[in-house]
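Visitor: Attaching a single structure in structure tokens format; questions to follow.
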There are 2 protein chains.
Amino acid sequence: MNEPMGKMTISDVAEALGISKTTVSRAISGKGRIGKETRQKVQNYITEHHYTPNVIARGLAQSKTYNIALVLPGDYYLSELPFFQNCMLGISRAAGEADYDVLISMVTGEDLSQLQRVVEYRKVDGVILSRTLVEDQPLQFLMQHHLPYVAIGSTREKNVVQVDHDHVNACRALTEHVLMQGFRRIALLGGNCNHIVTQQRYKGYQEALRQAGMKKEAGPVYFDIEDEVTVEKIADELIHRGTECILCMDDYICLRTLSVLTRKGVRVPKDLKVASFYNSQLLKNQTPGITALNFNTTELGEAACRMLIRMMNGEEVPKHTLQDYELVVKESTRV
Amino acid sequence: MNEPMGKMTISDVAEALGISKTTVSRAISGKGRIGKETRQKVQNYITEHHYTPNVIARGLAQSKTYNIALVLPGDYYLSELPFFQNCMLGISRAAGEADYDVLISMVTGEDLSQLQRVVEYRKVDGVILSRTLVEDQPLQFLMQHHLPYVAIGSTREKNVVQVDHDHVNACRALTEHVLMQGFRRIALLGGNCNHIVTQQRYKGYQEALRQAGMKKEAGPVYFDIEDEVTVEKIADELIHRGTECILCMDDYICLRTLSVLTRKGVRVPKDLKVASFYNSQLLKNQTPGITALNFNTTELGEAACRMLIRMMNGEEVPKHTLQDYELVVKESTRV
DNA sequence: CTGAAAGCGCTTACAG
DNA sequence: CTGAAAGCGCTTACAG
């Protein structure tokens, strides 16, 4: 109570108890042999006097930081996606349980400086990549260093530990569902081609079509849709071509599509069906309800973080983990 | 090239150059007197051999961590708000410029454990609170410790350094605008009462009414709107009462309101005007365009972080900083 | 079961 | 201008 909070050291404890620092250290960490009584004595003292170890000092001695880095896209529109927030929540939770903290490093375009600083300065024991790209600079960077890391998302690099949602099967399932409803002219509105997830979704879509015995694409497929103007043009084209159903690769694209359709007086699902390969808060309150794929992103983050912690502890872990999805059918695809 | 990256220490450099560790340290930090040539020699060597200092060790010696903590709400729906992401982006940017890293600690409800761990373990040199509450446990916690911190948002606690948007004047301006258009029956749909920002927005609204000589509230005021069901009920009431304009305290509430109105066949702005006290990506692509207040959240985060850095450097800083707003008038309030 | 000592990789008075 | 030494607050062989 007298000493200012946060200043007490292990030496103070040792002195007060008339024992050595070594013993105190052991009593706290639980490592090494130590008498039951002694340990109890130390334990009592430190809780009573609110001693908390200096993790930095411990880290230096152990060559550990008890920090992990989370690499996040620093681009404006991307950072707003709920996906990353929810991931972060899960990661933070899992990290906390293991007494780790998470440090964020924003990577914007070609600028890897934040990630570099964090690994070169040895401020973290491991890294989590929040997404994977076709041309993946952060991943390339990590592959050159000997620091444990896991990728949320998939990649072709075989030796990278990856934790992902099963996008391919999920998208296949949703596409199959639409095919089962009897629709054939099914358009696909896709996101950024440099995102691996875009490739996976496309693959799922194609697989469903192939299985249904359709030789070529059922409807036109678009990629790299970023703004509403593009959607506007595409919508005209689709309506003109008599499209029956529009599959949107993510919630943002879907929201924009719905907004454009409403403006054009096209009714969903009456005139046109719509579904989304990704669900979120954004779509939740939409009228009519939107058929979409549900993924638990927080759990994904947790899983990735647990994986990383196991790696940092020297355990062997599976290279590729897939998490399940949920297909939620609502009015937007009703016949 | 021979030595494994990230293992070189200051001693290695000293030895290779035949000088002392002290000198090397000085050459790197730039502190203390040192010969120009010597410094150059060291500088050349370390860039050539890719030496990077161990920041943990430096931190221990200096009793600094070069980390700051960002306290984020861990609640589901809240963490999805773009506000926090954009703040984080700004903070991360400003921190990086000063060679600091940002560590996140999620605070969920009553659970402050993540924040506690981070400060008790001395893993950060300062803390940023991403929002302020009426009943503010994280703030109370920080006030008890002697660690620099700044709050994004306002609080009644006079001695807390706070950086905020000028919500009161912004909301007053928007309300005035609507009054100028000639509307009188103006309803307010408010958010969580425990958020200080809710109080500020309400205050701005009231001030505008008072100034316009209206004794009592122009339209009904609601608080704690969290889901669409509530909005649904309120909408019926408002329509019944002949409300002319609905002011929504934030983008989420606004989006829900619009969705409900569309479903009910109420046309905006023809039948009813709508405006929002907060703008974001969510509202950007809405049809019709929504009159709203724009705030630059990334800049807010940057400002808060710079402030904290100054505090950590022992500088005096102003207790209360307000950032400007922008009123964007669009179709949703057109007469 | 316990302790003295060296070490983690830096910084910083102090002395020269 | 430069260096030897102590110190930051822990951990961990090594010895007893």
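Residues in the structure tokens are named by chain (A, B, ... in the order shown) and by number from 1 within that chain; ligands are numbered from 1 in the order shown.
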Please produce, as CSV, a per-residue contact table for chain C versus chain A (criterion: any atom at most 12 Å away, only C-alpha atoms (C1' of nucleotides) considered), showing the nearest atom pair and its distance in Å to one decimal, sorted by chain then residue number.
Guide:
```
residue,atom,partner,partner_atom,distance
C:DC1,C1',A:Ile34,CA,5.6
C:DT2,C1',A:Thr23,CA,6.8
C:DG3,C1',A:Ser20,CA,6.3
C:DA4,C1',A:Ser20,CA,9.3
C:DA5,C1',A:Thr22,CA,10.8
C:DA6,C1',A:Ala61,CA,11.7
C:DG7,C1',A:Ala61,CA,7.8
C:DC8,C1',A:Ala61,CA,4.4
C:DG9,C1',A:Leu60,CA,7.9
C:DC10,C1',A:Leu60,CA,10.2
```
Visitor: Please, could you write that set of residues out with N, CA and C atoms (P, O5', C5', C4', C3', O3' and C1' of nucleotides) as a short mmCIF file (atom, residue, chain, number, x, y, z; two decimals), in the first residue's frame?
Guide:
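Saved file result.cif follows:
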```cif
data_model
loop_
_atom_site.label_atom_id
_atom_site.label_comp_id
_atom_site.auth_asym_id
_atom_site.auth_seq_id
_atom_site.Cartn_x
_atom_site.Cartn_y
_atom_site.Cartn_z
P DC C 1 11.00 -30.71 -2.77
"O5'" DC C 1 11.83 -29.45 -2.24
"C5'" DC C 1 11.47 -28.83 -1.03
"C4'" DC C 1 12.65 -28.01 -0.61
"C3'" DC C 1 12.64 -26.58 -1.15
"O3'" DC C 1 12.85 -25.67 -0.07
"C1'" DC C 1 14.69 -27.64 -1.69
P DT C 2 12.72 -24.14 -0.20
"O5'" DT C 2 14.19 -23.71 -0.58
"C5'" DT C 2 15.15 -23.53 0.46
"C4'" DT C 2 16.42 -23.01 -0.15
"C3'" DT C 2 16.32 -21.62 -0.76
"O3'" DT C 2 17.17 -20.77 -0.02
"C1'" DT C 2 17.53 -23.09 -2.16
P DG C 3 17.15 -19.20 -0.20
"O5'" DG C 3 18.56 -18.98 -0.93
"C5'" DG C 3 19.66 -19.79 -0.52
"C4'" DG C 3 20.89 -19.48 -1.33
"C3'" DG C 3 20.97 -18.06 -1.90
"O3'" DG C 3 22.33 -17.66 -1.82
"C1'" DG C 3 21.05 -19.62 -3.66
P DA C 4 22.72 -16.15 -1.94
"O5'" DA C 4 24.12 -16.28 -2.71
"C5'" DA C 4 24.76 -17.55 -2.81
"C4'" DA C 4 25.85 -17.50 -3.85
"C3'" DA C 4 26.31 -16.12 -4.29
"O3'" DA C 4 27.61 -16.28 -4.86
"C1'" DA C 4 25.06 -17.09 -6.02
P DA C 5 28.30 -15.07 -5.68
"O5'" DA C 5 27.88 -15.41 -7.18
"C5'" DA C 5 28.16 -16.72 -7.71
"C4'" DA C 5 27.96 -16.71 -9.21
"C3'" DA C 5 28.36 -15.40 -9.89
"O3'" DA C 5 28.90 -15.72 -11.16
"C1'" DA C 5 26.11 -15.84 -10.36
P DA C 6 29.67 -14.64 -12.03
"O5'" DA C 6 29.15 -15.03 -13.48
"C5'" DA C 6 28.80 -16.40 -13.76
"C4'" DA C 6 27.80 -16.42 -14.88
"C3'" DA C 6 28.03 -15.34 -15.95
"O3'" DA C 6 27.82 -15.91 -17.22
"C1'" DA C 6 25.85 -15.16 -15.10
P DG C 7 28.13 -15.06 -18.54
"O5'" DG C 7 26.66 -14.81 -19.09
"C5'" DG C 7 25.74 -15.91 -19.14
"C4'" DG C 7 24.39 -15.38 -19.53
"C3'" DG C 7 24.47 -14.21 -20.52
"O3'" DG C 7 23.64 -14.46 -21.63
"C1'" DG C 7 23.08 -13.66 -18.69
P DC C 8 23.87 -13.63 -22.99
"O5'" DC C 8 22.40 -13.24 -23.42
"C5'" DC C 8 21.28 -14.07 -23.20
"C4'" DC C 8 20.04 -13.19 -23.20
"C3'" DC C 8 20.25 -11.88 -23.93
"O3'" DC C 8 19.82 -12.03 -25.28
"C1'" DC C 8 19.12 -11.57 -21.81
P DG C 9 20.85 -11.69 -26.49
"O5'" DG C 9 20.75 -10.11 -26.61
"C5'" DG C 9 19.50 -9.53 -26.91
"C4'" DG C 9 19.57 -8.06 -26.62
"C3'" DG C 9 20.72 -7.32 -27.31
"O3'" DG C 9 20.19 -6.14 -27.87
"C1'" DG C 9 20.71 -6.81 -25.03
P DC C 10 20.95 -5.24 -28.90
"O5'" DC C 10 20.32 -3.84 -28.49
"C5'" DC C 10 21.07 -2.91 -27.76
"C4'" DC C 10 20.26 -2.40 -26.60
"C3'" DC C 10 20.73 -1.05 -26.10
"O3'" DC C 10 19.87 -0.05 -26.61
"C1'" DC C 10 20.52 -2.59 -24.29
#
```
Visitor: Name the residues in contact with Thr108 in chain B at a cut-off of 8 Å, using only C-alpha atoms (C1' of nucleotides), excluding same-chain residues fewer than 4 positions from it; report them as a PDB file with C-alpha atoms, in the first residue's frame.
Guide:
```pdb
ATOM      1  CA  PRO B  73     -15.301  -2.176 -27.064  1.00  0.00           C
ATOM      2  CA  GLY B  74     -15.521  -5.923 -27.391  1.00  0.00           C
ATOM      3  CA  ASP B  75     -19.266  -6.087 -27.804  1.00  0.00           C
ATOM      4  CA  LEU B 112     -11.550  -5.100 -17.877  1.00  0.00           C
TER       5      LEU B 112
END
```
Visitor: Give me, as an mmCIF file with C-alpha atoms, in the first residue's frame, the residues of chain B touching chain A, with the criterion being at most 8 Å (counting only C-alpha atoms).
Guide:
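Written file, result04.cif:
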```cif
data_model
loop_
_atom_site.group_PDB
_atom_site.id
_atom_site.type_symbol
_atom_site.label_atom_id
_atom_site.label_comp_id
_atom_site.auth_asym_id
_atom_site.auth_seq_id
_atom_site.Cartn_x
_atom_site.Cartn_y
_atom_site.Cartn_z
ATOM 1 C CA MET B 5 19.041 -12.455 -39.453
ATOM 2 C CA GLY B 6 17.914 -10.971 -36.200
ATOM 3 C CA THR B 52 18.438 -3.814 -35.905
ATOM 4 C CA PRO B 53 18.335 -3.115 -32.197
ATOM 5 C CA ASN B 54 16.374 -5.274 -29.829
ATOM 6 C CA VAL B 55 13.659 -2.912 -28.753
ATOM 7 C CA ILE B 56 12.725 -5.031 -25.773
ATOM 8 C CA ALA B 57 16.208 -4.739 -24.335
ATOM 9 C CA GLY B 59 12.945 -0.720 -23.405
ATOM 10 C CA LEU B 60 14.079 -2.490 -20.284
ATOM 11 C CA THR B 65 7.991 -0.265 -24.085
ATOM 12 C CA GLY B 74 -15.521 -5.923 -27.391
ATOM 13 C CA TYR B 76 -20.385 -7.678 -30.988
ATOM 14 C CA TYR B 77 -22.415 -5.018 -32.684
ATOM 15 C CA SER B 79 -16.963 -3.595 -32.747
ATOM 16 C CA GLU B 80 -18.450 -3.620 -36.212
ATOM 17 C CA LEU B 81 -18.828 0.114 -36.349
ATOM 18 C CA PRO B 82 -16.507 1.687 -38.889
ATOM 19 C CA GLN B 85 -11.636 0.838 -37.390
ATOM 20 C CA ASN B 86 -10.986 4.262 -38.754
ATOM 21 C CA LEU B 89 -6.082 3.339 -38.637
ATOM 22 C CA SER B 92 -1.648 3.180 -35.954
ATOM 23 C CA GLY B 96 4.223 4.261 -36.404
ATOM 24 C CA ASP B 101 3.273 0.151 -31.895
ATOM 25 C CA VAL B 102 -0.305 -0.214 -30.879
ATOM 26 C CA LEU B 103 -1.588 -3.046 -28.862
ATOM 27 C CA ILE B 104 -5.289 -3.614 -28.616
ATOM 28 C CA SER B 105 -7.219 -4.436 -25.507
ATOM 29 C CA MET B 106 -10.840 -5.317 -25.824
ATOM 30 C CA GLN B 114 -7.357 -7.221 -20.939
ATOM 31 C CA VAL B 118 -1.659 -4.615 -20.197
ATOM 32 C CA GLU B 120 -0.177 -4.087 -14.684
ATOM 33 C CA TYR B 121 2.328 -6.002 -16.720
ATOM 34 C CA ARG B 122 3.700 -2.673 -17.915
ATOM 35 C CA LYS B 123 3.418 -3.600 -21.530
ATOM 36 C CA HIS B 145 -2.848 4.574 -12.327
ATOM 37 C CA GLU B 228 -35.007 -2.914 -35.919
ATOM 38 C CA ARG B 256 -32.582 0.739 -40.019
ATOM 39 C CA SER B 259 -35.207 0.103 -44.250
ATOM 40 C CA ARG B 263 -40.974 -1.507 -46.177
ATOM 41 C CA GLN B 281 -19.631 4.078 -45.761
ATOM 42 C CA ASN B 285 -24.472 4.616 -51.362
ATOM 43 C CA GLN B 286 -27.968 5.113 -50.139
ATOM 44 C CA THR B 287 -30.743 6.295 -52.433
#
```
Visitor: I'd like to know which residues of range 70-302 of chain B are strand (DSSP E or B) (by DSSP, run on the backbone); could you write them as a PyMOL selection string?
Guide: chain B and resi 70-73+101-108+111+126-129+133+149-152+162-165+186-189+195+221-222+245-248+273-276+291-294
Visitor: Write the residues of the selection above to a file with N, CA and C atoms, as a tab-separated table (two decimals), in the first residue's frame.
Guide:
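Result written to result-v9.tsv:
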```
chain	number	residue	atom	x	y	z
B	70	LEU	N	-4.66	0.50	-27.20
B	70	LEU	CA	-5.92	1.08	-27.66
B	70	LEU	C	-7.04	0.25	-27.07
B	71	VAL	N	-7.88	0.89	-26.30
B	71	VAL	CA	-9.00	0.18	-25.67
B	71	VAL	C	-10.21	0.24	-26.60
B	72	LEU	N	-10.68	-0.92	-26.98
B	72	LEU	CA	-11.80	-1.04	-27.91
B	72	LEU	C	-12.95	-1.78	-27.26
B	73	PRO	N	-14.18	-1.42	-27.61
B	73	PRO	CA	-15.30	-2.18	-27.06
B	73	PRO	C	-15.34	-3.56	-27.69
B	101	ASP	N	4.23	1.11	-31.37
B	101	ASP	CA	3.27	0.15	-31.89
B	101	ASP	C	2.03	0.18	-31.05
B	102	VAL	N	0.93	-0.23	-31.64
B	102	VAL	CA	-0.30	-0.21	-30.88
B	102	VAL	C	-0.82	-1.61	-30.63
B	103	LEU	N	-1.19	-1.78	-29.41
B	103	LEU	CA	-1.59	-3.05	-28.86
B	103	LEU	C	-3.07	-2.87	-28.49
B	104	ILE	N	-3.88	-3.82	-28.88
B	104	ILE	CA	-5.29	-3.61	-28.62
B	104	ILE	C	-5.74	-4.34	-27.36
B	105	SER	N	-6.63	-3.70	-26.62
B	105	SER	CA	-7.22	-4.44	-25.51
B	105	SER	C	-8.71	-4.22	-25.55
B	106	MET	N	-9.39	-5.32	-25.67
B	106	MET	CA	-10.84	-5.32	-25.82
B	106	MET	C	-11.49	-5.34	-24.45
B	107	VAL	N	-12.38	-4.43	-24.25
B	107	VAL	CA	-13.10	-4.39	-22.99
B	107	VAL	C	-14.56	-4.73	-23.26
B	108	THR	N	-15.00	-5.80	-22.65
B	108	THR	CA	-16.36	-6.26	-22.89
B	108	THR	C	-17.18	-6.15	-21.62
B	111	ASP	N	-15.89	-6.59	-18.00
B	111	ASP	CA	-14.63	-7.31	-18.01
B	111	ASP	C	-13.46	-6.44	-18.50
B	126	GLY	N	1.43	4.09	-22.60
B	126	GLY	CA	0.27	4.98	-22.56
B	126	GLY	C	-0.95	4.28	-23.12
B	127	VAL	N	-2.09	4.88	-22.92
B	127	VAL	CA	-3.35	4.24	-23.32
B	127	VAL	C	-4.26	5.24	-24.03
B	128	ILE	N	-4.97	4.75	-25.03
B	128	ILE	CA	-6.00	5.56	-25.69
B	128	ILE	C	-7.34	4.88	-25.50
B	129	LEU	N	-8.28	5.63	-25.00
B	129	LEU	CA	-9.65	5.14	-24.86
B	129	LEU	C	-10.41	5.54	-26.12
B	133	LEU	N	-17.88	6.92	-21.72
B	133	LEU	CA	-19.19	6.51	-21.23
B	133	LEU	C	-19.60	7.35	-20.04
B	149	TYR	N	-2.65	8.82	-20.53
B	149	TYR	CA	-3.73	8.30	-21.36
B	149	TYR	C	-4.54	9.45	-21.92
B	150	VAL	N	-5.18	9.21	-23.04
B	150	VAL	CA	-6.09	10.21	-23.59
B	150	VAL	C	-7.38	9.51	-23.97
B	151	ALA	N	-8.47	10.27	-23.87
B	151	ALA	CA	-9.76	9.72	-24.24
B	151	ALA	C	-10.20	10.29	-25.57
B	152	ILE	N	-10.65	9.42	-26.45
B	152	ILE	CA	-11.30	9.89	-27.66
B	152	ILE	C	-12.77	10.01	-27.27
B	162	GLN	N	-8.84	14.97	-23.40
B	162	GLN	CA	-9.85	14.45	-24.30
B	162	GLN	C	-9.77	15.07	-25.69
B	163	VAL	N	-9.91	14.22	-26.67
B	163	VAL	CA	-9.89	14.65	-28.06
B	163	VAL	C	-11.21	14.19	-28.66
B	164	ASP	N	-11.94	15.11	-29.23
B	164	ASP	CA	-13.29	14.73	-29.66
B	164	ASP	C	-13.71	15.52	-30.89
B	165	HIS	N	-14.73	15.02	-31.54
B	165	HIS	CA	-15.37	15.80	-32.59
B	165	HIS	C	-16.32	16.78	-31.91
B	186	ILE	N	-39.98	17.51	-35.50
B	186	ILE	CA	-38.71	16.83	-35.75
B	186	ILE	C	-38.44	15.80	-34.66
B	187	ALA	N	-38.43	14.57	-35.04
B	187	ALA	CA	-38.19	13.51	-34.05
B	187	ALA	C	-36.70	13.17	-33.99
B	188	LEU	N	-36.29	12.67	-32.84
B	188	LEU	CA	-34.89	12.28	-32.67
B	188	LEU	C	-34.81	10.83	-32.24
B	189	LEU	N	-34.06	10.05	-32.99
B	189	LEU	CA	-33.87	8.63	-32.64
B	189	LEU	C	-32.46	8.44	-32.12
B	195	HIS	N	-23.56	6.27	-23.55
B	195	HIS	CA	-22.49	6.86	-24.34
B	195	HIS	C	-22.55	8.37	-24.22
B	221	VAL	N	-38.56	12.19	-28.64
B	221	VAL	CA	-37.16	11.79	-28.62
B	221	VAL	C	-37.07	10.38	-28.04
B	222	TYR	N	-36.33	9.53	-28.69
B	222	TYR	CA	-36.18	8.16	-28.21
B	222	TYR	C	-34.71	7.87	-27.96
B	245	CYS	N	-39.89	15.23	-39.94
B	245	CYS	CA	-38.48	14.90	-40.16
B	245	CYS	C	-37.94	14.01	-39.04
B	246	ILE	N	-37.15	13.04	-39.41
B	246	ILE	CA	-36.54	12.16	-38.41
B	246	ILE	C	-35.03	12.38	-38.41
B	247	LEU	N	-34.51	12.71	-37.25
B	247	LEU	CA	-33.06	12.82	-37.12
B	247	LEU	C	-32.55	11.56	-36.44
B	248	CYS	N	-31.60	10.91	-37.08
B	248	CYS	CA	-31.06	9.68	-36.50
B	248	CYS	C	-29.69	9.98	-35.92
B	273	LYS	N	-38.81	13.51	-44.17
B	273	LYS	CA	-37.39	13.81	-44.34
B	273	LYS	C	-36.61	12.97	-43.32
B	274	VAL	N	-35.38	12.65	-43.68
B	274	VAL	CA	-34.52	11.88	-42.78
B	274	VAL	C	-33.11	12.45	-42.85
B	275	ALA	N	-32.45	12.54	-41.71
B	275	ALA	CA	-31.05	12.95	-41.70
B	275	ALA	C	-30.32	12.19	-40.60
B	276	SER	N	-29.00	12.15	-40.72
B	276	SER	CA	-28.22	11.38	-39.76
B	276	SER	C	-27.12	12.23	-39.11
B	291	THR	N	-28.80	13.37	-45.98
B	291	THR	CA	-28.19	14.53	-45.34
B	291	THR	C	-27.57	14.05	-44.03
B	292	ALA	N	-26.31	14.39	-43.83
B	292	ALA	CA	-25.64	13.86	-42.65
B	292	ALA	C	-24.43	14.70	-42.26
B	293	LEU	N	-23.92	14.40	-41.07
B	293	LEU	CA	-22.71	15.05	-40.59
B	293	LEU	C	-21.51	14.17	-40.89
B	294	ASN	N	-20.50	14.79	-41.47
B	294	ASN	CA	-19.26	14.07	-41.76
B	294	ASN	C	-18.20	14.38	-40.72
```
Visitor: Could you work out how far CA of Arg39 in chain A lies from CA of Ala27 in chain A, giving the answer in Å with one decimal?
Guide: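 Answer for the CA of Ala27 in chain A to CA of Arg39 in chain A separation: 4.8 Å.
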Visitor: I need the residues of range 67-274 of chain A that end up classed as helix (DSSP H, G or I) by DSSP on the backbone, written out as a ChimeraX atom specification.
Guide: /A:76-79,82-97,113-120,137-143,167-180,196-211,228-240,251-264
Visitor: CA of Cys254 in chain B and CA of Asp250 in chain A are how many Å apart?
Guide: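 Value for the CA of Cys254 in chain B-CA of Asp250 in chain A distance: 22.0 Å.
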Visitor: Name the residues in contact with Arg310 in chain A at a cut-off of 12 Å, using only C-alpha atoms (C1' of nucleotides), excluding same-chain residues fewer than 5 positions from it; report them as a list in words.
Guide: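 After dropping sequence-adjacent residues, the list is Ala94, Ala95, Ala98, Asp125, Gly126, Pro148, Tyr149, Val150, Val161, Ala303, Ala304, Cys305, Glu315, Glu316, Val317 and Pro318 of chain A.
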Visitor: Report the distance between CA of Asp236 in chain A and CA of Thr333 in chain A in Å, rounded to one decimal place.
Guide: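 These two atoms are separated by 19.9 Å.
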Visitor: Excluding Glu176 in chain B and its own-chain neighbours fewer than 3 positions away, which residues fall within 10 Å of it when counting only C-alpha atoms (C1' of nucleotides)? Please give them as a count of residues only.
Guide: 16
